[in-house]
Each structure stands twice: as structure tokens, then as C-alpha cells.
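Taking it in order: structure first as C-alpha cells, then the write-up.
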Amino acid sequence: IPQIIQFIHLDMFCLQNLLKNPAVYKQGASLLKLSTSPALILSSYSIHYFSTQQDLLQTYNTGLQASRYCKFDESIPHFQQIISNINPAQLSKEDSLLLVQAYHRLGEAHKKKERYQESLQEFLQGLEIVKRNGLENSKEAGLLYHGIAEISIEESQWNEARGCIEKAKEIFENSKDPETQSHLLENGYIMGLLYEKRNETQKAIELWESLLKVGKKGSKEFNVGQIYASLGRSYLKEGNEKKAKECWEKGIEVTKKQFGEDAIELLPVYLRLTDILFEYEQLQEARVYAEKAVKIAEKHLKEDDADLARYNFTQGILYFETHDFAKASETFQKALKIYLNHAAEKKEEVAYLYLKIAETYALLKDEKNATETHKI
């Protein structure tokens, strides 16, 4: 009996320290494997289970890192791998949470790429796991409702969106999670998007202004800069250009303060501002933010990253639309050079860029290059 107790204590020590300190885990695991005692059947299972769990957590974190760098398509296989490696019929609480988180992140990745039906399917799959395993009041459930709400807003399903926002709010208001304030901020942000999409612009402004008074710090989970960006768009919609620009400047300021001067988190803020200004035909201002987005992307992404080509392409379009054809040609060629490294999956982008480059050559009166490039 003392020997069995010793093995059980060692097993518990090994498991408790696994996620805290892999080196300690390996040391404990090697000690367990030295014994041939039947009492170690549990330990052998635990070592296998937690080794697998550690691999899945590493896979999840790799996908999360890709998402952070706005590389959503690259993140998707990592979350899919987690889903395919966890048996939904035999779930521990930890497995359930990880599985739900994977469905949530997978849904978010599809949503960011505007694949709304695929996104909705992943969110609903996550909710099935939530209901089946008694996780209805978890923050993971709340985040799934946030995702469904945003898709419902895009598809003008107002009642569905409002219902999901209210369910999420109820979960977060009763949560003891340290990120609760951040999730409630995001909840208010999504409700503001609903108001804005329904042309209740003044309601959106009032809600976002009230949120910013109590939650300017934000968190790792939610960047308050997003609220400032959308608030600025609402002011612009109301014809208050001065207030809109103040909001955008403040959004950039709080993002830099929260994440750093050249942080990757600035990229989605700059891209959003580029889109807003392009939508409202303020092309010179949009150019400024597009250039900033490319600068941040060049700092953090690899030289041949397809997303970097996409950002250069956006910048080139703005140069083109503002009749700066020399810069447009140069920027299109940068994007083309990158896309040619991904030619198999980017055929349409490559062809379109050749056409745009040919068009810029023609506008620059370079007929020879225009003709040759058009043929390609």
C-alpha cells in the first residue's frame, strides 16, 4: 500500500505540473516509466492523455498566433486538427472547453474572410458541444453567441442578432472570468453595430460613447480601438467629419498604448479605417491608412506572405483611383511578385494584377509594356 500511495502521489505531481512546467512533467514521466508496477496503469494513461493534450494546446496556440497576425486561412487547419483529434462522445471538461474554443476560433476565421455560412456552421457546432456538456454559462458560450450575432447583423436578421447579444450579455454579467469587462465591452460594440446597420446611428453613437467612458483600457481579448473606428464611421455618416477624425486618432492612440507603437494589433485598425474612408470616397485619407497598414504588415509578416500582397494591392488601387499611376504600377508589381510565389492558388489575383499593371502602363503612355503585360 505505501508503494501504491507513492506512485499515486508521483502521478498527481506529474499531472499538476505538466502545463506549468514541461521539464518537470518529462522528469516525472520518465520516473513513472521506470517502474513495472501494475499500479502505474493509471499513470501510463495519464502520460499519454496529457502528452496528447499538450500537443493539442500547442496546435491551438499556433492557430491563435496566425489569427493574431490576420492570417485567418493559415489558422484554419490548426483548429480543424483539434476538432478531428477530440472525440466528442468521450469529453472531459477540459476537452469540452478546448473543443468549443476551436469551433469558436474556426468560426471567427471564416467570418473574417466573409464566409458567413461556414462561420455560422462552426459556431452552431460549438453551441451543440456547449449544451451537451453543461457549459451554457461559460464565457466560451458567450463568445459563440457574439459570433452568431455578428453574422446575423451582416445578413439583416435583426431579431436573431439581438437575441444572441442579450444571451451573451447575461452570461458575461454573471461571469467571474477576469476578462469579463472586456467581453461586456465587445458585447456593447456588437449591439452598436446592430444599431448602425439598422440606420439607428444616433443610438450607436450614444452606446459607444457610454462604453468608452467606462472601458478605455481594453484588454488582450478586445481592442477598444475597434469601437473608436466604428464610432468615427457613425460620426462621418452624420456629417461630422471633424469628430470622426478625432475618434480615429484616439483609436490609434489607445491601440498603441495597449499593444505598442508598431504592434500587429494596429493592422486591423488601419485596414478598417482604409475601408471606411474608401466607402465614403475620401481617397487621399484612405491612402494614408493603407500605407500605414502596409508598413505594419512589412514589419511583422514574411516577405512572400500572400496577405502582404493583398495589402499592397489595396494600396495600389488607392494610388490608381487618386491618379498616381507611377506609384500604382510600382505597388501592383510588388503585390504581383509575391502572388507569383503562390500562383497555383492565386491565379485570379495574378491575372487581375497583370491587367491593372497593363492599364497603368497605358495611362503612363508606355504602350509597349502595356501591350506585353496585357498579353501575359
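Ordering of the C-alpha cells sets the chain letters (A, B, ...), residue numbers begin anew at 1 in every chain, and ligands are numbered from 1 in the order given.
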
Open item on the list: List as a VMD selection string the protein and nucleic acid residues near range 105-114 of chain A, meaning an atom at most 9 Å away when only C-alpha atoms are counted, but skip any in the same chain fewer than 2 places from it.
Closed with: chain A and resid 63 to 64 67 70 to 73 75 to 80 100 to 103 116 to 123 144 147 150 to 151

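For the choices A:Glu330, A:Asp177, A:Asp275, A:Glu261, the atom-to-atom distance to Ala290 in chain A is smallest for A:Asp275 when using only C-alpha atoms.
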
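Here CA of Glu238 in chain A and CA of Gln202 in chain A stand 8.5 Å from one another.
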
Open item on the list: I need the residue nearest Thr180 in chain A from this list: A:Ile317, A:Ala161, A:Leu143, A:Ala328. Use only C-alpha atoms for the distance.
Closed with: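 Ranking A:Ile317, A:Ala161, A:Leu143, A:Ala328 by distance to Thr180 in chain A, first place goes to A:Leu143.
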
TODO: Show which residues sit within 10 Å of Glu186 in chain A, as JSON, numbers by chain. Count only C-alpha atoms, and ignore same-chain residues fewer than 5 positions away.
DONE: {"A": [143, 146, 165, 169, 180, 181, 191, 192, 211, 218, 221, 222, 223, 224, 226, 227]}

Residues just named, written with N, CA, C and O atoms as a short mmCIF file (atom, residue, chain, number, x, y, z; two decimals), in the first residue's frame:
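Saved to again-v5.cif:
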```cif
data_model
loop_
_atom_site.label_atom_id
_atom_site.label_comp_id
_atom_site.auth_asym_id
_atom_site.auth_seq_id
_atom_site.Cartn_x
_atom_site.Cartn_y
_atom_site.Cartn_z
N LEU A 143 -19.06 33.86 -26.19
CA LEU A 143 -18.32 34.27 -27.39
C LEU A 143 -18.93 33.66 -28.66
O LEU A 143 -18.92 34.29 -29.72
N HIS A 146 -21.76 35.82 -29.55
CA HIS A 146 -21.26 37.04 -30.18
C HIS A 146 -21.03 36.79 -31.68
O HIS A 146 -21.39 37.62 -32.53
N ILE A 165 -27.06 38.66 -28.71
CA ILE A 165 -26.35 39.69 -27.93
C ILE A 165 -26.83 39.67 -26.48
O ILE A 165 -26.03 39.74 -25.54
N LYS A 169 -24.71 38.77 -23.13
CA LYS A 169 -24.60 39.77 -22.06
C LYS A 169 -24.96 39.17 -20.72
O LYS A 169 -24.28 39.39 -19.71
N THR A 180 -14.06 39.60 -18.00
CA THR A 180 -15.48 39.92 -18.12
C THR A 180 -15.72 41.33 -18.66
O THR A 180 -16.55 41.54 -19.55
N GLN A 181 -14.99 42.32 -18.15
CA GLN A 181 -15.18 43.70 -18.60
C GLN A 181 -14.93 43.81 -20.10
O GLN A 181 -15.66 44.49 -20.82
N MET A 191 -23.70 45.35 -30.20
CA MET A 191 -25.03 45.97 -30.19
C MET A 191 -25.02 47.28 -30.97
O MET A 191 -25.96 47.60 -31.70
N GLY A 192 -23.93 48.04 -30.85
CA GLY A 192 -23.79 49.28 -31.62
C GLY A 192 -23.77 49.01 -33.12
O GLY A 192 -24.35 49.77 -33.91
N LEU A 211 -19.84 53.40 -23.52
CA LEU A 211 -18.89 52.30 -23.28
C LEU A 211 -17.48 52.83 -23.07
O LEU A 211 -16.75 52.37 -22.20
N GLY A 218 -9.44 48.52 -22.20
CA GLY A 218 -9.49 47.36 -23.06
C GLY A 218 -8.75 46.17 -22.46
O GLY A 218 -8.51 46.11 -21.27
N GLU A 221 -8.06 40.56 -25.06
CA GLU A 221 -9.14 39.91 -25.79
C GLU A 221 -9.85 40.85 -26.76
O GLU A 221 -10.37 40.42 -27.78
N PHE A 222 -9.92 42.13 -26.41
CA PHE A 222 -10.69 43.05 -27.24
C PHE A 222 -10.01 44.41 -27.29
O PHE A 222 -9.70 45.00 -26.26
N ASN A 223 -9.78 44.89 -28.51
CA ASN A 223 -9.11 46.17 -28.71
C ASN A 223 -10.15 47.28 -28.79
O ASN A 223 -10.97 47.32 -29.70
N VAL A 224 -10.11 48.20 -27.82
CA VAL A 224 -11.06 49.31 -27.77
C VAL A 224 -10.94 50.19 -29.02
O VAL A 224 -11.89 50.89 -29.39
N GLN A 226 -11.26 49.36 -31.90
CA GLN A 226 -12.33 49.00 -32.83
C GLN A 226 -13.57 49.85 -32.60
O GLN A 226 -14.28 50.21 -33.55
N ILE A 227 -13.86 50.14 -31.32
CA ILE A 227 -15.03 50.98 -31.01
C ILE A 227 -14.81 52.38 -31.57
O ILE A 227 -15.71 52.97 -32.19
#
```

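Of the residues under consideration (A:Leu308, A:Ala362, A:Ile252, A:Ile148), A:Ile252 shows the shortest atom-to-atom contact distance to Leu266 in chain A when counting only C-alpha atoms.
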
TODO: Enumerate as a ChimeraX atom specification all residues of range 51-191 of chain A assigned to alpha helix (DSSP H) by DSSP on the backbone, naming them with the chain letters and numbers the document uses.
DONE: /A:51-68,72-85,93-112,116-132,139-154,158-173,180-191

Can I get the residues of range 150-202 of chain A within 12 Å of range 232-236 of chain A, each with the closest pair of atoms and their distance in Å to one decimal, using only C-alpha atoms, sorted chain first then ascending number, as CSV?
```
residue,atom,partner,partner_atom,distance
A:Gly192,CA,A:Ser234,CA,9.9
A:Leu193,CA,A:Ser234,CA,9.8
A:Tyr195,CA,A:Ser234,CA,10.3
A:Glu196,CA,A:Ser234,CA,7.3
A:Lys197,CA,A:Ser234,CA,10.3
A:Asn199,CA,A:Ser234,CA,9.6
A:Glu200,CA,A:Ser234,CA,9.7
A:Thr201,CA,A:Ser234,CA,6.1
A:Gln202,CA,A:Ser234,CA,8.0
```
